[in-house]
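Structure file coords.txt (compact mmCIF, C-alpha atoms) follows.
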```txt
# COMPACT_ATOMS: atom_id res chain seq x y z
CA MET A 1 83.13 70.79 71.19
CA ALA A 2 81.87 74.07 72.60
CA SER A 3 80.29 76.82 70.54
CA LEU A 4 79.12 80.42 70.94
CA LYS A 5 75.54 81.62 70.71
CA LYS A 6 74.31 85.20 70.90
CA ARG A 7 71.01 86.09 72.48
CA GLY A 8 70.20 89.78 72.46
CA ARG A 9 73.49 91.51 73.21
CA ALA A 10 75.00 88.78 75.40
CA TYR A 11 77.07 85.77 74.35
CA TYR A 12 76.38 82.25 75.61
CA ALA A 13 78.57 79.16 75.59
CA GLN A 14 76.96 75.93 74.48
CA TYR A 15 78.68 72.65 75.30
CA TYR A 16 78.07 69.08 76.48
CA ASP A 17 78.78 67.94 80.02
CA ASN A 18 78.37 64.21 80.76
CA GLY A 19 76.24 63.86 77.68
CA LYS A 20 73.91 66.73 78.61
CA GLN A 21 73.81 69.95 76.62
CA LYS A 22 74.42 73.11 78.64
CA ARG A 23 74.06 76.75 77.68
CA VAL A 24 75.49 79.35 80.05
CA ASN A 25 75.58 83.13 79.96
CA LEU A 26 79.14 84.42 79.56
CA HIS A 27 78.07 87.88 80.83
CA THR A 28 79.83 89.79 78.06
CA GLU A 29 78.87 91.65 74.91
CA SER A 30 82.41 91.44 73.51
CA LEU A 31 83.05 88.72 70.92
CA GLN A 32 86.76 88.71 71.80
CA VAL A 33 86.06 88.17 75.51
CA ALA A 34 83.46 85.51 74.70
CA LYS A 35 85.98 83.62 72.54
CA GLU A 36 88.54 83.69 75.37
CA LYS A 37 85.99 82.31 77.83
CA LEU A 38 85.03 79.63 75.33
CA ARG A 39 88.71 78.69 74.99
CA GLN A 40 88.94 78.34 78.78
CA ILE A 41 85.90 76.05 78.79
CA GLU A 42 87.35 73.83 76.07
CA SER A 43 90.72 73.73 77.83
CA ALA A 44 89.09 72.73 81.13
CA GLN A 45 87.08 70.01 79.40
CA PHE A 46 90.24 68.66 77.75
CA ARG A 47 92.01 68.48 81.13
CA GLU A 48 88.83 67.10 82.76
CA GLU A 49 88.77 70.00 85.24
CA GLU A 50 85.91 72.10 86.57
CA ILE A 51 84.51 74.56 84.03
CA PRO A 52 85.91 78.01 85.01
CA LEU A 53 82.72 80.03 84.52
CA THR A 54 81.82 83.14 86.47
CA THR A 55 79.24 82.50 89.17
CA LYS A 56 76.17 84.64 89.83
CA THR A 57 75.79 85.20 93.57
CA PRO A 58 73.22 87.66 95.01
CA ILE A 59 75.00 90.30 97.07
CA GLY A 60 72.66 89.82 100.04
CA ASP A 61 73.31 86.07 100.14
CA ILE A 62 77.11 86.36 100.15
CA LEU A 63 77.08 89.15 102.75
CA GLU A 64 74.84 87.10 105.06
CA LYS A 65 77.17 84.13 104.69
CA TYR A 66 80.29 86.26 105.20
CA ILE A 67 79.01 87.96 108.35
CA LYS A 68 78.14 84.59 109.89
CA TYR A 69 81.64 83.40 109.06
CA LYS A 70 83.25 86.49 110.60
CA SER A 71 81.10 86.13 113.73
CA GLY A 72 82.71 82.76 114.34
CA HIS A 73 86.29 83.77 113.49
CA SER A 74 86.71 87.37 114.68
CA ARG A 75 86.79 88.98 118.08
CA ASP A 76 83.31 90.07 119.10
CA LYS A 77 84.25 93.76 119.27
CA ASN A 78 85.28 93.72 115.59
CA ILE A 79 81.94 92.46 114.25
CA PRO A 80 79.95 95.73 114.68
CA LYS A 81 82.75 97.65 112.98
CA ILE A 82 82.83 95.26 110.01
CA ASN A 83 79.03 95.41 109.74
CA THR A 84 79.11 99.21 109.80
CA TYR A 85 81.43 99.39 106.80
CA LEU A 86 79.50 96.71 104.89
CA ARG A 87 76.19 98.47 105.60
CA GLY A 88 77.66 101.79 104.53
CA ALA A 89 78.97 100.26 101.32
CA PHE A 90 76.03 98.09 100.22
CA GLY A 91 73.11 99.17 102.39
CA PRO A 92 71.02 96.85 104.62
CA VAL A 93 70.69 94.22 101.89
CA CYS A 94 70.57 91.19 104.20
CA GLU A 95 69.18 90.25 107.59
CA ALA A 96 72.57 90.50 109.31
CA LEU A 97 72.91 94.16 108.23
CA GLN A 98 69.46 95.25 109.38
CA VAL A 99 69.48 97.65 112.35
CA ARG A 100 66.15 97.75 114.17
CA ASN A 101 67.14 100.21 116.90
CA GLN A 102 67.13 103.64 115.27
CA ALA A 103 69.37 105.15 117.96
CA ILE A 104 72.00 102.52 117.22
CA ALA A 105 71.43 102.98 113.50
CA GLN A 106 72.29 106.67 113.74
CA LYS A 107 75.47 105.91 115.66
CA ALA A 108 76.43 103.33 113.05
CA VAL A 109 76.49 105.94 110.26
CA LYS A 110 79.85 107.47 109.41
CA ARG A 111 79.57 111.28 109.54
CA PRO A 112 75.71 111.41 109.43
CA SER A 113 75.62 115.22 109.31
CA ALA A 114 77.97 115.52 106.34
CA GLY A 115 75.46 114.72 103.61
CA SER A 116 74.62 111.52 101.83
CA ALA A 117 76.76 109.38 99.55
CA SER A 118 75.74 106.70 97.10
CA ILE A 119 76.05 103.06 98.03
CA ILE A 120 77.38 100.30 95.78
CA SER A 121 74.15 99.27 94.07
CA ILE A 122 74.83 95.85 92.57
CA SER A 123 72.60 92.80 92.45
CA HIS A 124 75.43 90.23 92.45
CA ILE A 125 78.90 90.35 93.95
CA GLU A 126 80.42 89.35 90.61
CA HIS A 127 79.40 92.80 89.33
CA LEU A 128 82.01 94.42 91.57
CA SER A 129 84.91 96.00 89.73
CA ALA A 130 87.83 98.30 90.41
CA GLU A 131 85.90 101.14 88.74
CA VAL A 132 82.82 100.56 90.89
CA LEU A 133 84.79 100.58 94.15
CA SER A 134 86.99 103.52 93.12
CA THR A 135 83.93 105.61 92.25
CA PHE A 136 82.27 104.74 95.56
CA LEU A 137 85.34 105.73 97.57
CA SER A 138 85.68 109.00 95.66
CA GLU A 139 82.05 109.86 96.39
CA LEU A 140 82.57 109.07 100.08
CA ILE A 141 85.38 111.59 100.30
CA LYS A 142 83.69 114.22 98.12
CA ASP A 143 80.05 113.99 99.23
CA LYS A 144 80.29 112.45 102.68
CA ARG A 145 83.60 114.14 103.47
CA VAL A 146 85.03 111.08 105.19
CA SER A 147 88.77 111.02 105.81
CA PRO A 148 91.19 109.11 103.56
CA ARG A 149 91.82 106.79 106.50
CA THR A 150 88.11 105.91 106.70
CA ALA A 151 87.94 105.43 102.92
CA ASN A 152 90.86 103.00 103.25
CA HIS A 153 88.91 101.06 105.90
CA TYR A 154 86.01 100.73 103.45
CA ARG A 155 88.41 99.58 100.74
CA GLN A 156 90.08 96.99 102.94
CA THR A 157 86.74 95.65 104.19
CA ILE A 158 85.53 95.07 100.62
CA VAL A 159 88.85 93.61 99.43
CA THR A 160 88.80 91.17 102.35
CA LEU A 161 85.17 90.27 101.59
CA CYS A 162 86.06 89.44 97.98
CA ASN A 163 89.11 87.42 99.00
CA TRP A 164 86.95 85.31 101.30
CA ALA A 165 84.13 85.02 98.73
CA GLN A 166 86.58 83.66 96.17
CA ARG A 167 88.46 81.42 98.60
CA GLU A 168 85.62 80.02 100.73
CA GLY A 169 82.32 81.46 99.51
CA GLY A 170 82.10 79.57 96.23
CA VAL A 171 82.35 82.74 94.12
CA ARG A 172 84.22 82.82 90.82
CA PHE A 173 84.92 86.35 89.63
CA PRO A 174 85.50 87.26 85.97
CA GLY A 175 89.11 86.48 85.12
CA GLY A 176 89.48 84.33 88.23
CA LYS A 177 90.88 87.08 90.47
CA ASN A 178 89.73 89.57 93.08
CA PRO A 179 88.22 92.42 90.99
CA VAL A 180 89.01 95.16 93.51
CA ALA A 181 92.47 94.12 94.71
CA ASP A 182 94.18 96.68 92.47
CA VAL A 183 92.29 99.69 93.88
CA LYS A 184 94.92 101.90 95.48
CA CYS A 185 94.79 103.11 99.07
CA TYR A 186 94.45 106.82 99.73
CA LYS A 187 97.47 108.59 101.12
CA VAL A 188 96.97 109.32 104.80
CA VAL A 189 98.65 112.41 106.22
CA ASP A 190 99.88 112.26 109.78
CA ARG A 191 98.56 115.61 111.01
CA LEU A 192 100.21 115.32 114.42
CA ARG A 193 103.62 114.82 112.82
CA ILE A 194 103.08 117.87 110.56
CA LEU A 195 102.00 120.05 113.48
CA THR A 196 105.04 118.95 115.47
CA GLN A 197 107.33 119.54 112.51
CA TYR A 198 106.15 123.11 111.93
CA ARG A 199 105.66 124.12 115.55
CA ARG A 200 107.88 127.02 116.48
CA PRO A 201 110.75 125.98 118.70
CA ARG A 202 110.54 127.22 122.26
CA VAL A 203 112.99 130.06 122.90
CA THR A 204 114.72 130.11 126.24
CA HIS A 205 116.28 133.32 127.48
CA PRO A 206 119.49 133.26 129.48
CA LEU A 207 119.28 134.58 133.02
```
Using structure tokens, write down the structure from this file.
Amino acid sequence: MASLKKRGRAYYAQYYDNGKQKRVNLHTESLQVAKEKLRQIESAQFREEEIPLTTKTPIGDILEKYIKYKSGHSRDKNIPKINTYLRGAFGPVCEALQVRNQAIAQKAVKRPSAGSASIISISHIEHLSAEVLSTFLSELIKDKRVSPRTANHYRQTIVTLCNWAQREGGVRFPGGKNPVADVKCYKVVDRLRILTQYRRPRVTHPL
């Protein structure tokens, strides 16, 4: 039988697994959320399934692992592009995202002369949320003045990262689903089509 314990502001689940007592942080201050997570633990124990608890994976570790995976499954020319978006989103938080050549580092920055934008400062990938990503993308457009198309590339890179982390990286997000999948894409305007649409028609004069 599992039970709840509160330490400070966080709730913990206390239960027995193979005769050994375990106490795990539920990473919530809400009693209602803690009770739901406790119900999931008890249900998993009843069905003799794996306990569905959120993992705690350092962001640098999962990015290092993901980049190595992509290096073996993507075309070589796509790897620098993926790394650029990941570095712009999270900073050089792992060895694979370090750029030692400063000339290359400057070229790897999206719109370097357009001011600075905040990065996603999280210690663990499980801290990602729709709000965190949405705020980051908004700041990119407002402060860095990147285009909606570029913001969408950032979004897709992070969504793909989370899909892989959950599917193959051993990460369990809160609620068991990709936390950023519901972030909407920005509307991209086809400027060439607009210019063509409003261009004055050419007038031909009869001879």
So that each row is one residue of range 1-32 of chain A with an atom at most 10 Å from range 51-60 of chain A, can you give its shortest atom pair and the distance in Å to one decimal, using only C-alpha atoms, rows by chain and rising number, as JSON lines?
```
{"residue": "A:Ala13", "atom": "CA", "partner": "A:Leu53", "partner_atom": "CA", "distance": 9.9}
{"residue": "A:Asp17", "atom": "CA", "partner": "A:Ile51", "partner_atom": "CA", "distance": 9.6}
{"residue": "A:Val24", "atom": "CA", "partner": "A:Leu53", "partner_atom": "CA", "distance": 8.5}
{"residue": "A:Asn25", "atom": "CA", "partner": "A:Thr54", "partner_atom": "CA", "distance": 9.0}
{"residue": "A:Leu26", "atom": "CA", "partner": "A:Thr54", "partner_atom": "CA", "distance": 7.5}
{"residue": "A:His27", "atom": "CA", "partner": "A:Thr54", "partner_atom": "CA", "distance": 8.3}
```
Pairwise distance, CA of Tyr66 in chain A with CA of Trp164 in chain A, equals 7.8 Å
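In this comparison, which uses all atoms listed in the file, the residue of A:Glu95, A:Glu42, A:Glu126, A:Glu49 approaching Cys162 in chain A most closely is A:Glu126.
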For Ser118 in chain A: contacts at 9 Å, all atoms listed in the file, fewer than 3 positions along chain excluded, given as a list in words: Ala89, Ser121, Phe136, Glu139, Leu140 and Asp143 of chain A
Which value, in Å to one decimal, gives the distance between CA of Ser71 in chain A and CA of Ile125 in chain A?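 Taking CA of Ser71 in chain A and CA of Ile125 in chain A, their separation equals 20.3 Å.
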Restricting to all atoms listed in the file, whichever of A:Leu133, A:Asn163, A:Leu4, A:Val146 is closest to Lys184 in chain A is A:Leu133
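Nearest residue to Lys144 in chain A among A:Gly88, A:Gln40, A:Tyr186, A:Arg23 is A:Gly88, counting all atoms listed in the file.
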Rounded to one decimal in Å, what is the spacing between CA of Asn83 in chain A and CA of Arg149 in chain A?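 For CA of Asn83 in chain A relative to CA of Arg149 in chain A, the distance reads 17.4 Å.
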Top pick for closest residue to Lys68 in chain A, considering A:Ala96, A:Leu38, A:Leu86, A:Ala44 and counting all atoms listed in the file: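 Checking each of A:Ala96, A:Leu38, A:Leu86, A:Ala44 against Lys68 in chain A, counting all atoms listed in the file, the winner is A:Ala96.
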Write out as a ChimeraX atom specification each polymer residue whose atoms come within 12 Å of Asn18 in chain A, counting only C-alpha atoms; drop sequence neighbours fewer than 4 positions from it. /A:22,45,48
Save out the residues we just selected, C-alpha atoms, as an mmCIF file, in the frame of the given file.
```cif
data_model
loop_
_atom_site.group_PDB
_atom_site.id
_atom_site.type_symbol
_atom_site.label_atom_id
_atom_site.label_comp_id
_atom_site.auth_asym_id
_atom_site.auth_seq_id
_atom_site.Cartn_x
_atom_site.Cartn_y
_atom_site.Cartn_z
ATOM 1 C CA LYS A 22 74.420 73.110 78.640
ATOM 2 C CA GLN A 45 87.080 70.010 79.400
ATOM 3 C CA GLU A 48 88.830 67.100 82.760
#
```
